[in-house]
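Structure data (mmCIF, C-alpha atoms) from my_file03.cif:
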```cif
data_upload
#
loop_
_atom_site.group_PDB
_atom_site.id
_atom_site.type_symbol
_atom_site.label_atom_id
_atom_site.label_comp_id
_atom_site.auth_asym_id
_atom_site.auth_seq_id
_atom_site.Cartn_x
_atom_site.Cartn_y
_atom_site.Cartn_z
ATOM 1 C CA MET A 24 228.673 26.131 49.363
ATOM 2 C CA LEU A 25 228.340 26.278 45.573
ATOM 3 C CA LYS A 26 231.808 24.781 45.315
ATOM 4 C CA ASP A 27 230.403 21.602 46.872
ATOM 5 C CA LEU A 28 227.399 21.546 44.556
ATOM 6 C CA ILE A 29 228.938 22.267 41.136
ATOM 7 C CA PRO A 30 231.628 19.839 39.913
ATOM 8 C CA GLY A 31 234.795 21.539 38.683
ATOM 9 C CA PHE A 32 233.612 24.784 40.258
ATOM 10 C CA ASP A 33 236.956 26.630 40.089
ATOM 11 C CA ASP A 34 237.396 25.869 36.386
ATOM 12 C CA GLU A 35 233.799 26.849 35.640
ATOM 13 C CA ILE A 36 234.233 30.147 37.496
ATOM 14 C CA ALA A 37 237.480 30.886 35.651
ATOM 15 C CA GLU A 38 235.718 30.459 32.308
ATOM 16 C CA MET A 39 232.924 32.783 33.366
ATOM 17 C CA HIS A 40 235.488 35.425 34.347
ATOM 18 C CA THR A 41 236.976 35.132 30.859
ATOM 19 C CA LEU A 42 233.578 35.464 29.184
ATOM 20 C CA ALA A 43 232.474 38.382 31.372
ATOM 21 C CA PRO A 44 235.607 40.438 32.124
ATOM 22 C CA THR A 45 233.772 43.279 33.862
ATOM 23 C CA GLY A 46 231.756 41.016 36.123
ATOM 24 C CA TRP A 47 228.812 38.686 36.533
ATOM 25 C CA ILE A 48 226.426 37.352 39.153
ATOM 26 C CA MET A 49 224.330 34.237 39.636
ATOM 27 C CA GLY A 50 221.733 33.338 42.226
ATOM 28 C CA PHE A 51 219.771 30.162 42.837
ATOM 29 C CA ASN A 52 216.398 29.600 44.488
ATOM 30 C CA LEU A 53 215.325 33.201 44.970
ATOM 31 C CA THR A 54 212.957 33.871 47.873
ATOM 32 C CA PHE A 55 211.775 37.073 49.548
ATOM 33 C CA ARG A 56 214.941 36.879 51.675
ATOM 34 C CA GLY A 57 217.130 36.735 48.577
ATOM 35 C CA PRO A 58 218.845 33.828 46.789
ATOM 36 C CA GLU A 59 219.599 30.648 48.708
ATOM 37 C CA HIS A 60 222.943 30.484 46.885
ATOM 38 C CA LEU A 61 224.668 33.562 45.459
ATOM 39 C CA PHE A 62 227.948 34.197 43.659
ATOM 40 C CA ASN A 63 228.691 37.855 42.882
ATOM 41 C CA ALA A 64 231.711 38.652 40.719
ATOM 42 C CA TYR A 65 230.843 42.267 39.918
ATOM 43 C CA PRO A 66 233.345 44.994 40.920
ATOM 44 C CA GLU A 67 233.322 45.663 44.651
ATOM 45 C CA ALA A 68 232.690 49.394 44.170
ATOM 46 C CA TRP A 69 229.625 48.709 41.992
ATOM 47 C CA ARG A 70 228.316 46.155 44.466
ATOM 48 C CA ALA A 71 228.630 48.713 47.292
ATOM 49 C CA ILE A 72 226.703 51.375 45.367
ATOM 50 C CA TYR A 73 224.085 48.856 44.214
ATOM 51 C CA GLU A 74 223.408 47.737 47.788
ATOM 52 C CA GLU A 75 223.633 51.208 49.338
ATOM 53 C CA ARG A 76 221.090 52.646 46.884
ATOM 54 C CA ASN A 77 218.955 49.503 46.952
ATOM 55 C CA TYR A 78 219.081 49.339 43.173
ATOM 56 C CA PHE A 79 217.661 45.822 42.977
ATOM 57 C CA PHE A 80 214.086 47.116 43.083
ATOM 58 C CA GLY A 81 214.713 49.546 40.232
ATOM 59 C CA ASP A 82 217.078 47.468 38.125
ATOM 60 C CA PRO A 83 215.419 46.639 34.780
ATOM 61 C CA ILE A 84 217.692 43.617 34.293
ATOM 62 C CA ALA A 85 216.805 42.195 37.702
ATOM 63 C CA MET A 86 213.140 42.878 37.003
ATOM 64 C CA TRP A 87 213.395 41.020 33.688
ATOM 65 C CA THR A 88 214.914 37.941 35.365
ATOM 66 C CA MET A 89 212.096 37.915 37.922
ATOM 67 C CA THR A 90 209.379 37.850 35.284
ATOM 68 C CA ASN A 91 210.830 35.940 32.321
ATOM 69 C CA ASP A 92 212.388 32.615 31.393
ATOM 70 C CA GLY A 93 215.173 32.264 28.858
ATOM 71 C CA TRP A 94 217.750 34.888 27.961
ATOM 72 C CA VAL A 95 217.969 38.440 26.704
ATOM 73 C CA ARG A 96 220.708 40.927 25.919
ATOM 74 C CA TRP A 97 220.604 43.956 28.182
ATOM 75 C CA SER A 98 220.163 46.194 25.143
ATOM 76 C CA GLU A 99 216.921 44.373 24.306
ATOM 77 C CA VAL A 100 215.256 44.820 27.706
ATOM 78 C CA ARG A 101 212.415 47.319 27.378
ATOM 79 C CA ILE A 102 211.622 47.797 31.061
ATOM 80 C CA PRO A 103 211.999 51.514 31.952
ATOM 81 C CA ASP A 104 215.149 52.348 33.906
ATOM 82 C CA LEU A 105 213.501 54.957 36.118
ATOM 83 C CA ARG A 106 216.372 55.143 38.606
ATOM 84 C CA GLY A 107 219.185 55.285 36.078
ATOM 85 C CA VAL A 108 220.704 51.982 37.198
ATOM 86 C CA MET A 109 222.166 51.122 33.814
ATOM 87 C CA ARG A 110 223.607 54.611 33.352
ATOM 88 C CA GLU A 111 225.374 54.268 36.692
ATOM 89 C CA ALA A 112 226.537 50.750 35.789
ATOM 90 C CA ARG A 113 228.323 52.092 32.729
ATOM 91 C CA ARG A 114 230.616 54.070 35.020
ATOM 92 C CA PHE A 115 232.041 50.660 35.953
ATOM 93 C CA ARG A 116 232.326 49.531 32.317
ATOM 94 C CA LEU A 117 229.214 47.364 32.562
ATOM 95 C CA ASN A 118 228.320 48.432 29.034
ATOM 96 C CA HIS A 119 226.931 45.253 27.460
ATOM 97 C CA GLY A 120 225.434 42.163 28.971
ATOM 98 C CA VAL A 121 223.111 39.213 28.914
ATOM 99 C CA ALA A 122 220.574 37.994 31.456
ATOM 100 C CA ILE A 123 219.525 34.365 31.798
ATOM 101 C CA SER A 124 216.618 33.284 33.964
ATOM 102 C CA ARG A 125 215.091 29.926 34.801
ATOM 103 C CA LYS A 126 212.190 28.879 37.018
ATOM 104 C CA VAL A 127 212.239 25.328 38.393
ATOM 105 C CA ASN A 128 209.488 23.995 40.661
ATOM 106 C CA GLY A 129 208.305 27.529 41.330
ATOM 107 C CA LYS A 130 211.765 28.770 42.309
ATOM 108 C CA ARG A 131 213.621 31.387 40.285
ATOM 109 C CA SER A 132 217.339 31.326 39.480
ATOM 110 C CA PHE A 133 219.296 33.824 37.390
ATOM 111 C CA LEU A 134 222.643 34.574 35.773
ATOM 112 C CA THR A 135 223.755 37.917 34.339
ATOM 113 C CA LEU A 136 227.093 38.639 32.670
ATOM 114 C CA SER A 137 228.713 41.854 31.454
ATOM 115 C CA HIS A 138 231.289 42.826 28.854
ATOM 116 C CA PRO A 139 232.936 46.235 28.481
ATOM 117 C CA ASP A 140 233.383 46.344 24.716
ATOM 118 C CA ARG A 141 230.805 44.305 22.811
ATOM 119 C CA GLU A 142 227.579 42.326 22.846
ATOM 120 C CA PHE A 143 227.723 38.631 23.668
ATOM 121 C CA THR A 144 227.432 36.398 20.617
ATOM 122 C CA ASP A 145 224.614 33.880 20.234
ATOM 123 C CA GLU A 146 227.174 31.094 20.581
ATOM 124 C CA GLU A 147 228.504 32.507 23.858
ATOM 125 C CA ILE A 148 225.002 32.975 25.198
ATOM 126 C CA GLY A 149 224.062 29.425 24.196
ATOM 127 C CA ARG A 150 227.064 28.016 26.059
ATOM 128 C CA CYS A 151 226.275 30.060 29.156
ATOM 129 C CA ALA A 152 222.587 29.121 29.075
ATOM 130 C CA ALA A 153 223.402 25.402 28.750
ATOM 131 C CA ARG A 154 225.910 25.588 31.589
ATOM 132 C CA PHE A 155 223.482 27.534 33.775
ATOM 133 C CA SER A 156 220.724 24.993 33.106
ATOM 134 C CA LEU A 157 223.024 22.210 34.276
ATOM 135 C CA TRP A 158 224.056 24.175 37.345
ATOM 136 C CA THR A 159 220.434 24.863 38.208
ATOM 137 C CA ASP A 160 219.625 21.152 38.082
ATOM 138 C CA LEU A 161 222.644 20.348 40.251
ATOM 139 C CA VAL A 162 222.005 23.049 42.837
ATOM 140 C CA LEU A 163 218.240 22.726 43.128
ATOM 141 C CA SER A 164 218.332 18.975 42.484
ATOM 142 C CA ARG A 165 215.356 17.478 40.800
ATOM 143 C CA ALA A 166 216.972 14.097 41.432
ATOM 144 C CA THR A 167 215.092 11.891 43.843
ATOM 145 C CA LEU A 168 217.241 9.871 46.199
ATOM 146 C CA GLY A 169 215.775 6.594 47.417
ATOM 147 C CA VAL A 170 215.601 5.646 51.099
ATOM 148 C CA GLY A 171 218.415 3.125 50.648
ATOM 149 C CA GLU A 172 220.663 5.694 48.971
ATOM 150 C CA LEU A 173 219.994 8.183 51.753
ATOM 151 C CA ASP A 174 220.790 5.535 54.379
ATOM 152 C CA VAL A 175 224.153 4.864 52.748
ATOM 153 C CA LEU A 176 224.982 8.572 52.513
ATOM 154 C CA ARG A 177 223.994 9.043 56.144
ATOM 155 C CA CYS A 178 226.415 6.302 57.192
ATOM 156 C CA PHE A 179 229.188 7.892 55.126
ATOM 157 C CA ARG A 180 228.405 11.230 56.736
ATOM 158 C CA ASP A 181 228.810 9.624 60.145
ATOM 159 C CA GLY A 182 232.268 8.350 59.220
ATOM 160 C CA LEU A 183 231.480 4.704 58.439
ATOM 161 C CA GLY A 184 233.390 2.946 55.683
ATOM 162 C CA GLN A 185 231.869 0.642 53.093
ATOM 163 C CA ALA A 186 232.163 -2.521 55.191
ATOM 164 C CA GLU A 187 230.877 -0.777 58.319
ATOM 165 C CA THR A 188 227.967 0.669 56.378
ATOM 166 C CA ALA A 189 227.074 -2.772 55.032
ATOM 167 C CA SER A 190 227.125 -4.178 58.564
ATOM 168 C CA ALA A 191 225.108 -1.305 60.028
ATOM 169 C CA LEU A 192 222.419 -1.577 57.358
ATOM 170 C CA GLY A 193 222.441 -5.355 57.133
ATOM 171 C CA ILE A 194 223.187 -5.385 53.411
ATOM 172 C CA ALA A 195 226.021 -6.616 51.199
ATOM 173 C CA GLU A 196 229.014 -4.392 50.458
ATOM 174 C CA SER A 197 228.182 -4.631 46.771
ATOM 175 C CA THR A 198 224.766 -3.137 47.549
ATOM 176 C CA VAL A 199 226.411 -0.288 49.457
ATOM 177 C CA LYS A 200 228.665 0.382 46.479
ATOM 178 C CA GLN A 201 225.745 0.329 44.043
ATOM 179 C CA ARG A 202 223.639 2.692 46.143
ATOM 180 C CA ALA A 203 226.589 5.060 46.514
ATOM 181 C CA LEU A 204 227.130 5.104 42.750
ATOM 182 C CA LYS A 205 223.448 5.848 42.141
ATOM 183 C CA ALA A 206 223.497 8.665 44.704
ATOM 184 C CA CYS A 207 226.576 10.203 43.082
ATOM 185 C CA SER A 208 224.955 10.022 39.661
ATOM 186 C CA LYS A 209 221.707 11.627 40.821
ATOM 187 C CA LEU A 210 223.500 14.413 42.662
ATOM 188 C CA GLY A 211 226.073 15.072 39.960
ATOM 189 C CA ALA A 212 228.890 14.221 42.369
ATOM 190 C CA LYS A 213 232.236 12.761 41.374
ATOM 191 C CA THR A 214 233.007 11.211 44.771
ATOM 192 C CA ARG A 215 231.140 9.860 47.772
ATOM 193 C CA THR A 216 232.481 12.725 49.859
ATOM 194 C CA GLN A 217 231.068 15.256 47.432
ATOM 195 C CA ALA A 218 227.730 13.410 47.352
ATOM 196 C CA VAL A 219 227.525 13.609 51.144
ATOM 197 C CA ALA A 220 228.406 17.317 51.073
ATOM 198 C CA ILE A 221 225.684 18.022 48.518
ATOM 199 C CA ALA A 222 223.090 15.984 50.414
ATOM 200 C CA VAL A 223 223.921 17.750 53.674
ATOM 201 C CA SER A 224 223.810 21.210 52.057
ATOM 202 C CA ARG A 225 220.326 20.466 50.716
ATOM 203 C CA ASN A 226 219.122 19.149 54.077
ATOM 204 C CA TYR A 227 218.545 15.660 52.682
ATOM 205 C CA LEU A 228 220.288 14.103 55.679
#
```
For this file, write the structure as structure tokens.
Amino acid sequence: MLKDLIPGFDDEIAEMHTLAPTGWIMGFNLTFRGPEHLFNAYPEAWRAIYEERNYFFGDPIAMWTMTNDGWVRWSEVRIPDLRGVMREARRFRLNHGVAISRKVNGKRSFLTLSHPDREFTDEEIGRCAARFSLWTDLVLSRATLGVGELDVLRCFRDGLGQAETASALGIAESTVKQRALKACSKLGAKTRTQAVAIAVSRNYL
């Protein structure tokens, strides 16, 4: 799903793997049921232990992301690690890390990255925070699509071409093209197909 929402997703993911060689995780629109969208690139063995022991509710990094905006290095988090989550994480070379958290329209999203050998630099953290901010806007979409733009996307979803859409809506083809371009811009989509996919995934259509 995230692949449809974030342009150049595969390239973005590859860069994150390079920055965080021992793993990382991001979640968008956290609710009591968990994140609406989640991408977990931590080691499978660590993920299994984390879930089996229900570490989320004792993880000081997770707790920080739930109660703060901005970013922090793991080493700077002062929340007590009563269950020894971070000690256990170091068994999987999750030695250093950074947590980034953002709340948009009352909904929390987070990104945490780990490195086995060193702290993340300010420049690396700045790049990750800027990228995450963009992703949050794309995924949660603060863009407001107009009725006309939604009508055009709905026709595209139903398999109509530009001329057929113009006929169905009783508007000129140039108007269809303009509305499609606006919808793509607002949704951060490169193509009409991607715009439709994003709109459908967000229940706009």
- Chain and number of each residue from the PyMOL selection byres ((chain A and resi 101) around 12), as a PyMOL selection string: chain A and resi 82-84+86-87+95-100+102-105
Could you work out an axis-aligned bounding box for all listed atoms of stretch 99-112 of chain A, with 3 Å added on each of the six sides, and give its centre and edge lengths in Å to one decimal, as AutoDock Vina command-line options?
```
--center_x 219.1 --center_y 49.8 --center_z 31.5 --size_x 20.9 --size_y 16.9 --size_z 20.3
```
- Message: Can you pull out the residues contacting stretch 57-61 of chain A? Cut-off 10 Å, using only C-alpha atoms, and skip same-chain residues under 3 positions away; I want them as number ranges by chain.
- Response: A: 24-25, 48-54, 64, 130-134, 162-163
- Query: In Å, how far is it from atom CA of A:Leu168 to atom CA of A:Ala206?
  - Reply: 6.5 Å
- Task: Evaluate the PyMOL selection byres ((chain A and resi 112) around 12) and record the selected residues as a VMD selection string, following the chain and residue labels used in the document.
- Result: chain A and resid 45 to 46 65 to 66 68 to 73 78 82 to 84 97 104 106 to 111 113 to 120 137 to 139
Please produce a file of the residues just selected, as a CSV table (one decimal), keeping the file's coordinate frame, where the atoms kept are C-alpha atoms.
```
chain,number,residue,atom,x,y,z
A,45,THR,CA,233.8,43.3,33.9
A,46,GLY,CA,231.8,41.0,36.1
A,65,TYR,CA,230.8,42.3,39.9
A,66,PRO,CA,233.3,45.0,40.9
A,68,ALA,CA,232.7,49.4,44.2
A,69,TRP,CA,229.6,48.7,42.0
A,70,ARG,CA,228.3,46.2,44.5
A,71,ALA,CA,228.6,48.7,47.3
A,72,ILE,CA,226.7,51.4,45.4
A,73,TYR,CA,224.1,48.9,44.2
A,78,TYR,CA,219.1,49.3,43.2
A,82,ASP,CA,217.1,47.5,38.1
A,83,PRO,CA,215.4,46.6,34.8
A,84,ILE,CA,217.7,43.6,34.3
A,97,TRP,CA,220.6,44.0,28.2
A,104,ASP,CA,215.1,52.3,33.9
A,106,ARG,CA,216.4,55.1,38.6
A,107,GLY,CA,219.2,55.3,36.1
A,108,VAL,CA,220.7,52.0,37.2
A,109,MET,CA,222.2,51.1,33.8
A,110,ARG,CA,223.6,54.6,33.4
A,111,GLU,CA,225.4,54.3,36.7
A,113,ARG,CA,228.3,52.1,32.7
A,114,ARG,CA,230.6,54.1,35.0
A,115,PHE,CA,232.0,50.7,36.0
A,116,ARG,CA,232.3,49.5,32.3
A,117,LEU,CA,229.2,47.4,32.6
A,118,ASN,CA,228.3,48.4,29.0
A,119,HIS,CA,226.9,45.3,27.5
A,120,GLY,CA,225.4,42.2,29.0
A,137,SER,CA,228.7,41.9,31.5
A,138,HIS,CA,231.3,42.8,28.9
A,139,PRO,CA,232.9,46.2,28.5
```
- Message: Rounded to one decimal, what separation in Å do you get between atom CA of A:Ala220 and atom CA of A:Ala189?
- Response: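 Separation of atom CA of A:Ala220 and atom CA of A:Ala189: 20.5 Å.
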- Expressed in Å to a single decimal, how great is the separation between atom CA of A:Asn63 and atom CA of A:Pro44?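 Calculated distance between atom CA of A:Asn63 and atom CA of A:Pro44 is 13.0 Å.
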Rebuild N, CA and C atoms on stretch 134-148 of chain A, as a CSV table (one decimal), in the frame of the given file?
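Final output, part_2.csv:
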```
chain,number,residue,atom,x,y,z
A,134,LEU,N,221.2,34.3,36.1
A,134,LEU,CA,222.6,34.6,35.8
A,134,LEU,C,222.7,35.8,34.9
A,135,THR,N,223.5,36.8,35.2
A,135,THR,CA,223.8,37.9,34.3
A,135,THR,C,225.3,38.1,34.2
A,136,LEU,N,225.7,38.5,33.0
A,136,LEU,CA,227.1,38.6,32.7
A,136,LEU,C,227.3,39.9,31.9
A,137,SER,N,228.5,40.6,32.1
A,137,SER,CA,228.7,41.9,31.5
A,137,SER,C,230.0,41.8,30.7
A,138,HIS,N,230.1,42.7,29.7
A,138,HIS,CA,231.3,42.8,28.9
A,138,HIS,C,231.5,44.3,28.6
A,139,PRO,N,232.7,44.8,28.6
A,139,PRO,CA,232.9,46.2,28.5
A,139,PRO,C,232.9,46.7,27.0
A,140,ASP,N,233.1,45.9,26.1
A,140,ASP,CA,233.4,46.3,24.7
A,140,ASP,C,232.4,45.9,23.7
A,141,ARG,N,231.6,44.8,23.9
A,141,ARG,CA,230.8,44.3,22.8
A,141,ARG,C,229.6,43.5,23.4
A,142,GLU,N,228.7,43.2,22.5
A,142,GLU,CA,227.6,42.3,22.8
A,142,GLU,C,228.1,40.9,22.9
A,143,PHE,N,227.4,40.1,23.7
A,143,PHE,CA,227.7,38.6,23.7
A,143,PHE,C,227.2,38.0,22.4
A,144,THR,N,227.9,37.1,21.8
A,144,THR,CA,227.4,36.4,20.6
A,144,THR,C,226.4,35.4,21.0
A,145,ASP,N,225.6,34.9,20.0
A,145,ASP,CA,224.6,33.9,20.2
A,145,ASP,C,225.3,32.6,20.7
A,146,GLU,N,226.5,32.3,20.2
A,146,GLU,CA,227.2,31.1,20.6
A,146,GLU,C,227.6,31.2,22.0
A,147,GLU,N,228.1,32.3,22.5
A,147,GLU,CA,228.5,32.5,23.9
A,147,GLU,C,227.3,32.4,24.8
A,148,ILE,N,226.2,33.0,24.4
A,148,ILE,CA,225.0,33.0,25.2
A,148,ILE,C,224.5,31.5,25.3
```
